[in-house]
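File shown here: entry.pdb, holding PDB, C-alpha atoms.
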```pdb
ATOM      1  CA  MET A  29     -41.152   4.337 -13.823  1.00  0.00           C
ATOM      2  CA  SER A  30     -37.838   2.542 -14.068  1.00  0.00           C
ATOM      3  CA  PHE A  31     -34.942   3.589 -11.876  1.00  0.00           C
ATOM      4  CA  ILE A  32     -32.138   2.436 -14.205  1.00  0.00           C
ATOM      5  CA  LYS A  33     -32.486   2.146 -17.972  1.00  0.00           C
ATOM      6  CA  GLU A  34     -31.121  -1.033 -19.468  1.00  0.00           C
ATOM      7  CA  GLU A  35     -29.512  -0.734 -22.891  1.00  0.00           C
ATOM      8  CA  GLU A  36     -32.138  -2.904 -24.595  1.00  0.00           C
ATOM      9  CA  GLU A  37     -35.115  -0.953 -23.196  1.00  0.00           C
ATOM     10  CA  LYS A  38     -36.890   1.470 -25.518  1.00  0.00           C
ATOM     11  CA  THR A  39     -38.586   3.572 -22.817  1.00  0.00           C
ATOM     12  CA  ASN A  40     -37.781   7.194 -21.996  1.00  0.00           C
ATOM     13  CA  ASP A  41     -39.225   6.884 -18.478  1.00  0.00           C
ATOM     14  CA  TYR A  42     -36.121   6.337 -16.343  1.00  0.00           C
ATOM     15  CA  ILE A  43     -33.898   8.178 -13.874  1.00  0.00           C
ATOM     16  CA  PHE A  44     -30.423   6.764 -14.588  1.00  0.00           C
ATOM     17  CA  GLN A  45     -28.937   5.299 -17.741  1.00  0.00           C
ATOM     18  CA  LYS A  46     -26.252   2.609 -17.744  1.00  0.00           C
ATOM     19  CA  ASP A  47     -23.399   4.454 -19.414  1.00  0.00           C
ATOM     20  CA  ALA A  48     -19.916   5.698 -18.541  1.00  0.00           C
ATOM     21  CA  THR A  49     -21.085   9.191 -17.570  1.00  0.00           C
ATOM     22  CA  THR A  50     -23.580   7.934 -14.999  1.00  0.00           C
ATOM     23  CA  LYS A  51     -21.104   5.452 -13.528  1.00  0.00           C
ATOM     24  CA  SER A  52     -18.265   7.980 -13.240  1.00  0.00           C
ATOM     25  CA  THR A  53     -20.552  10.651 -11.780  1.00  0.00           C
ATOM     26  CA  THR A  54     -21.917   8.197  -9.221  1.00  0.00           C
ATOM     27  CA  MET A  55     -18.404   7.197  -8.165  1.00  0.00           C
ATOM     28  CA  PHE A  56     -17.348  10.870  -7.903  1.00  0.00           C
ATOM     29  CA  VAL A  57     -20.338  11.762  -5.716  1.00  0.00           C
ATOM     30  CA  ALA A  58     -19.770   8.703  -3.500  1.00  0.00           C
ATOM     31  CA  ILE A  59     -16.084   9.554  -3.022  1.00  0.00           C
ATOM     32  CA  VAL A  60     -16.878  13.189  -2.197  1.00  0.00           C
ATOM     33  CA  LEU A  61     -19.478  12.116   0.370  1.00  0.00           C
ATOM     34  CA  VAL A  62     -17.031   9.715   2.025  1.00  0.00           C
ATOM     35  CA  VAL A  63     -14.344  12.424   2.170  1.00  0.00           C
ATOM     36  CA  LEU A  64     -16.811  14.880   3.736  1.00  0.00           C
ATOM     37  CA  ILE A  65     -17.955  12.350   6.329  1.00  0.00           C
ATOM     38  CA  ILE A  66     -14.344  11.551   7.244  1.00  0.00           C
ATOM     39  CA  GLY A  67     -13.624  15.287   7.490  1.00  0.00           C
ATOM     40  CA  VAL A  68     -16.533  15.808   9.885  1.00  0.00           C
ATOM     41  CA  ILE A  69     -15.403  12.890  12.049  1.00  0.00           C
ATOM     42  CA  ILE A  70     -11.787  14.097  12.156  1.00  0.00           C
ATOM     43  CA  SER A  71     -12.827  17.668  12.978  1.00  0.00           C
ATOM     44  CA  GLY A  72     -15.103  16.331  15.714  1.00  0.00           C
ATOM     45  CA  PHE A  73     -12.171  14.585  17.367  1.00  0.00           C
ATOM     46  CA  TYR A  74      -9.876  17.583  16.819  1.00  0.00           C
ATOM     47  CA  PHE A  75     -12.275  20.049  18.451  1.00  0.00           C
ATOM     48  CA  GLU A  76     -13.175  17.432  21.112  1.00  0.00           C
ATOM     49  CA  TRP A  77     -16.887  17.310  20.240  1.00  0.00           C
ATOM     50  CA  PHE A  78     -16.921  13.513  20.488  1.00  0.00           C
TER      51      PHE A  78
END
```
Mind converting the file's structure to structure tokens?
Amino acid sequence: MSFIKEEEEKTNDYIFQKDATTKSTTMFVAIVLVVLIIGVIISGFYFEWF
């Protein structure tokens, strides 16, 4: 099974497709994860857990 579908491939057996929706969704999820991690670190320093 392929992980990313290339545009020239004819198979339906893939997880991600190289298109604008997949790229924008991936960037959104990555940004949200980074913001959450930064929030946890900042709250850890604020409440003196670290």
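Interatomic distance, CA of Ser71 (chain A) to CA of Phe56 (chain A): 22.4 Å.
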Mind giving me the straight-line distance from CA of Trp77 (chain A) to CA of Val60 (chain A) in Å, one decimal? 22.8 Å
First collect every listed atom of region 70-78 of chain A; then fit an axis-aligned box around them, widen it by 6 Å on each side, and give centre and edge lengths in Å to one decimal, as AutoDock Vina command-line options.
```
--center_x -13.4 --center_y 16.8 --center_z 16.6 --size_x 19.0 --size_y 18.5 --size_z 21.0
```
If you measure from CA of Ile66 (chain A) to CA of Ser52 (chain A), what distance in Å do you get, rounded to one decimal? 21.2 Å
